Amino acid sequence: MAASNSHSASSFLFIVSFAVLVIFTGSSSAQLSKNFYSKSCPQVFSTVQSVVHSAISKQPRQGASLLRLHFHDCFVNGCDGSVLLDDTSTFTGEKTAAPNNGSIRGFEVVDEIKSKIENECPGVVSCADILAIVARDSVKILGGPKWDVKLGRRDSKTASFSAANSGVIPPPFSTLSNLINRFQAKGLSTKDMVALSGAHTIGQARCTTFRDRMYNDTNIDSSFAKTRQNTCPRTTGLPGDNRISPLDLKTPTAFDNYYYKNLISQKGLLRSDQQLFNGGSTDSLVKKYSEDTETFYSDFVEAIIKMGDLQPLTGLSGEIRKNCRMVNN
């Protein structure tokens with residue numbers, strides 16, 4: 001009888017242990033933590049912030065570019081640093097995929113950060129985590145909210161041109177339903193989508209992304225359209241295609257709620273931006289954020305932390321790259 005009880009007890013313990021293992025391996029984000037590098041690389045935050053601050057001081061547009069890197073990384077096969085990889089003989093990376101080609105930037109800033117961190121804590125901090133910290137610091141430096149970044153992601157050993165090209169990153173001519181569906185596919189709600197779109201309160205866009213809206217859309221302020229047309233000619237081709245305009249004409253280098261105020265005035269630069277305030281289900285949220293900066297900030301923080309939890313590589317998966325542009329050896 002005693003032997004039977006002992007056997008039952010050990011079976012129960014095995015089942016419980018296995019269940020716990022399944023819970024934690026099934027949800028990688030559970031392994032991310034705010035103090036992941038507190039012992040192994042405590043200076044990581046000050047090192048990143050110093051480089052980001054210097055980059056934004058030289059060119060304020062860099063803040064938006066660095067924030068965008070985190071978004072474009074996470075939406076393609078999770079937050080794994082794959083967006084940073086250069087092409088190799090065995091795979092074509094994500095840098096030349098349609099959502100990124102000719103527009104994604106900030107790689108040199110990441111290189112500088114990685115080089116400094118490798119000198120301080122070699123082989124410890126992942127490129128994927130650097131992107132998450134850089135996104136937070138960019139927002140904060142440009143006047144936005146601050147949050148504690150969850151860390152512990154590892155880097156992918158490959159990248160996917162086809163996945164980046166598959167439409168997971170919403171294009172600038174998206175409809176509202178398309179935007180909602182693309183974010184829902186990543187486990188992000190409509191509220192998350194509207195809040196994260198507020199990142200367009202900073203940064204610039206190329207003429208190719210808004211030309212059609214400036215010349216053909218009717219849900220647009222006419223004087224705003226005329227001003228943009230001065231920058232962006234109707235005819236396609238260079239140099240016009242590469243001319244840029246601020247996503248937020250009022251305060252292009254301040255992380256504030258003017259993006260939403262612009263939408264209410266029908267001054268959204270991208271067609272996908274104006275979709276958020278166009279007689280649809282998200283009008284009320286846009287109105288709320290336009291009137292209440294604090295609510296926008298708190299919802300943005302909640303959404304970007306959720307986005308940072310997308311399919312991270314943890315534990316023994318992936319690697320810690322020495323150079324963010326290439327896999328080790």
# chains A, B, ... in the order shown; residues from 1 in each chain; ligands from 1
>>> closest_atom_pairs(of="segment 243-301 of chain A", to="segment 190-200 of chain A", cutoff="9 Å", atoms="only C-alpha atoms", output="JSON lines")
{"residue": "A:Pro246", "atom": "CA", "partner": "A:His200", "partner_atom": "CA", "distance": 8.9}
{"residue": "A:Leu247", "atom": "CA", "partner": "A:His200", "partner_atom": "CA", "distance": 5.8}
{"residue": "A:Asp248", "atom": "CA", "partner": "A:His200", "partner_atom": "CA", "distance": 6.9}
{"residue": "A:Pro252", "atom": "CA", "partner": "A:His200", "partner_atom": "CA", "distance": 8.9}
{"residue": "A:Phe255", "atom": "CA", "partner": "A:Ala199", "partner_atom": "CA", "distance": 7.5}
{"residue": "A:Asp256", "atom": "CA", "partner": "A:Gly198", "partner_atom": "CA", "distance": 8.4}
{"residue": "A:Asn257", "atom": "CA", "partner": "A:Gly198", "partner_atom": "CA", "distance": 7.2}
{"residue": "A:Tyr258", "atom": "CA", "partner": "A:Gly198", "partner_atom": "CA", "distance": 8.8}
{"residue": "A:Tyr259", "atom": "CA", "partner": "A:Gly198", "partner_atom": "CA", "distance": 6.2}
{"residue": "A:Tyr260", "atom": "CA", "partner": "A:Gly198", "partner_atom": "CA", "distance": 7.2}
{"residue": "A:Asp273", "atom": "CA", "partner": "A:Ser197", "partner_atom": "CA", "distance": 7.5}
{"residue": "A:Leu276", "atom": "CA", "partner": "A:Val194", "partner_atom": "CA", "distance": 7.2}
{"residue": "A:Thr282", "atom": "CA", "partner": "A:Val194", "partner_atom": "CA", "distance": 7.5}
{"residue": "A:Leu285", "atom": "CA", "partner": "A:Val194", "partner_atom": "CA", "distance": 7.4}
{"residue": "A:Val286", "atom": "CA", "partner": "A:Val194", "partner_atom": "CA", "distance": 7.4}
{"residue": "A:Tyr289", "atom": "CA", "partner": "A:Ala195", "partner_atom": "CA", "distance": 8.3}
{"residue": "A:Phe296", "atom": "CA", "partner": "A:Ala195", "partner_atom": "CA", "distance": 6.4}
{"residue": "A:Tyr297", "atom": "CA", "partner": "A:Ala195", "partner_atom": "CA", "distance": 8.1}
{"residue": "A:Asp299", "atom": "CA", "partner": "A:Ala195", "partner_atom": "CA", "distance": 6.0}
{"residue": "A:Phe300", "atom": "CA", "partner": "A:Ala195", "partner_atom": "CA", "distance": 4.9}
{"residue": "A:Val301", "atom": "CA", "partner": "A:Ala195", "partner_atom": "CA", "distance": 8.6}
>>> residues_around(residues="segment 232-241 of chain A", least_positions_apart="4", cutoff="8 Å", atoms="only C-alpha atoms", output="JSON, numbers by chain")
{"A": [206, 207, 208, 211, 215, 228]}
>>> closest_atom_pairs(of="segment 76-109 of chain A", to="segment 141-157 of chain A", cutoff="7 Å", atoms="only C-alpha atoms", output="JSON lines")
{"residue": "A:Asp80", "atom": "CA", "partner": "A:Asp155", "partner_atom": "CA", "distance": 4.9}
{"residue": "A:Gly81", "atom": "CA", "partner": "A:Asp155", "partner_atom": "CA", "distance": 5.5}
{"residue": "A:Ser82", "atom": "CA", "partner": "A:Ser156", "partner_atom": "CA", "distance": 5.8}
>>> residues_around(residues="segment 116-130 of chain A", least_positions_apart="3", cutoff="10 Å", atoms="only C-alpha atoms", output="number ranges by chain")
A: 36-37, 40-45, 47-48, 51, 70, 73-74, 78-84, 110-113, 133-135, 149-156, 308, 312-313, 318-325
>>> select_by_dssp(residues="segment 76-202 of chain A", states="alpha helix (DSSP H)", output="PyMOL selection string")
chain A and resi 107-120+127-141+161-164+176-184+190-197
>>> write_last_selection(atoms="C-alpha atoms", output="tab-separated table (two decimals), in the first residue's frame")
chain	number	residue	atom	x	y	z
A	107	PHE	CA	20.59	50.34	-38.79
A	108	GLU	CA	23.80	52.30	-38.14
A	109	VAL	CA	22.44	53.44	-34.76
A	110	VAL	CA	21.72	49.82	-33.81
A	111	ASP	CA	25.24	48.85	-34.99
A	112	GLU	CA	26.78	51.48	-32.73
A	113	ILE	CA	24.72	50.35	-29.74
A	114	LYS	CA	25.56	46.68	-30.32
A	115	SER	CA	29.27	47.42	-30.67
A	116	LYS	CA	29.34	49.32	-27.36
A	117	ILE	CA	27.33	46.66	-25.53
A	118	GLU	CA	29.55	43.86	-26.89
A	119	ASN	CA	32.56	45.69	-25.42
A	120	GLU	CA	30.83	45.92	-22.04
A	127	CYS	CA	19.62	42.56	-31.01
A	128	ALA	CA	15.88	41.90	-30.59
A	129	ASP	CA	16.04	43.33	-27.06
A	130	ILE	CA	18.08	46.31	-28.28
A	131	LEU	CA	15.21	47.15	-30.69
A	132	ALA	CA	12.68	47.01	-27.83
A	133	ILE	CA	14.78	49.32	-25.64
A	134	VAL	CA	15.54	51.68	-28.53
A	135	ALA	CA	11.80	52.02	-29.29
A	136	ARG	CA	11.06	52.99	-25.68
A	137	ASP	CA	13.95	55.46	-25.49
A	138	SER	CA	13.00	57.12	-28.80
A	139	VAL	CA	9.45	57.74	-27.62
A	140	LYS	CA	10.61	59.06	-24.24
A	141	ILE	CA	13.32	61.36	-25.70
A	161	PHE	CA	11.77	38.07	-47.34
A	162	SER	CA	8.55	36.22	-48.23
A	163	ALA	CA	7.04	36.64	-44.74
A	164	ALA	CA	7.86	40.37	-44.74
A	176	LEU	CA	-10.05	50.16	-41.76
A	177	SER	CA	-11.15	46.51	-41.88
A	178	ASN	CA	-7.75	45.56	-43.30
A	179	LEU	CA	-5.97	47.36	-40.44
A	180	ILE	CA	-8.18	45.74	-37.82
A	181	ASN	CA	-7.68	42.28	-39.33
A	182	ARG	CA	-3.89	42.59	-39.65
A	183	PHE	CA	-3.55	43.57	-36.00
A	184	GLN	CA	-6.06	40.97	-34.79
A	190	THR	CA	-8.65	47.43	-32.45
A	191	LYS	CA	-7.82	49.70	-29.51
A	192	ASP	CA	-4.19	48.51	-29.66
A	193	MET	CA	-4.13	49.27	-33.39
A	194	VAL	CA	-5.48	52.82	-32.99
A	195	ALA	CA	-3.08	53.52	-30.12
A	196	LEU	CA	-0.03	52.13	-31.95
A	197	SER	CA	-0.99	54.15	-35.05
>>> residues_around(residues="Asn165 of chain A", least_positions_apart="3", cutoff="9 Å", atoms="only C-alpha atoms", output="list in words")
Glu94, Ala97, Ala98, Pro99, Ser160, Phe161, Ser162, Val168 and Ile169 of chain A
>>> write_last_selection(atoms="N, CA and C atoms", output="CSV table (one decimal), in the first residue's frame")
chain,number,residue,atom,x,y,z
A,94,GLU,N,14.9,40.7,-44.9
A,94,GLU,CA,13.6,41.5,-44.9
A,94,GLU,C,13.8,42.9,-45.4
A,97,ALA,N,12.2,43.8,-48.7
A,97,ALA,CA,10.8,43.5,-48.9
A,97,ALA,C,10.0,44.8,-49.1
A,98,ALA,N,8.8,44.7,-49.7
A,98,ALA,CA,8.1,45.9,-50.1
A,98,ALA,C,7.8,46.9,-48.9
A,99,PRO,N,7.4,46.5,-47.7
A,99,PRO,CA,7.2,47.4,-46.6
A,99,PRO,C,8.5,48.1,-46.1
A,160,SER,N,13.1,36.3,-43.2
A,160,SER,CA,12.2,35.8,-44.3
A,160,SER,C,11.7,37.0,-45.2
A,161,PHE,N,12.2,37.1,-46.4
A,161,PHE,CA,11.8,38.1,-47.3
A,161,PHE,C,10.3,37.8,-47.7
A,162,SER,N,9.9,36.6,-47.8
A,162,SER,CA,8.6,36.2,-48.2
A,162,SER,C,7.6,36.6,-47.1
A,168,VAL,N,1.7,41.1,-43.8
A,168,VAL,CA,1.4,41.1,-42.4
A,168,VAL,C,1.6,42.6,-41.9
A,169,ILE,N,2.5,43.3,-42.6
A,169,ILE,CA,2.7,44.7,-42.2
A,169,ILE,C,1.7,45.5,-43.1
>>> atom_distance(atom1="atom CA of Ser54 of chain A", atom2="atom CA of Arg68 of chain A")
18.1 Å
>>> atom_distance(atom1="atom CA of Leu85 of chain A", atom2="atom CA of Met326 of chain A")
5.4 Å
>>> atom_distance(atom1="atom CA of Gln266 of chain A", atom2="atom CA of Phe224 of chain A")
8.6 Å
>>> residues_around(residues="Asn219 of chain A", least_positions_apart="6", cutoff="10 Å", atoms="only C-alpha atoms", output="list in words")
Arg213, Ser265, Gln266, Lys267, Gly268, Arg271, Gln274, Gln275, Phe277 and Asn278 of chain A
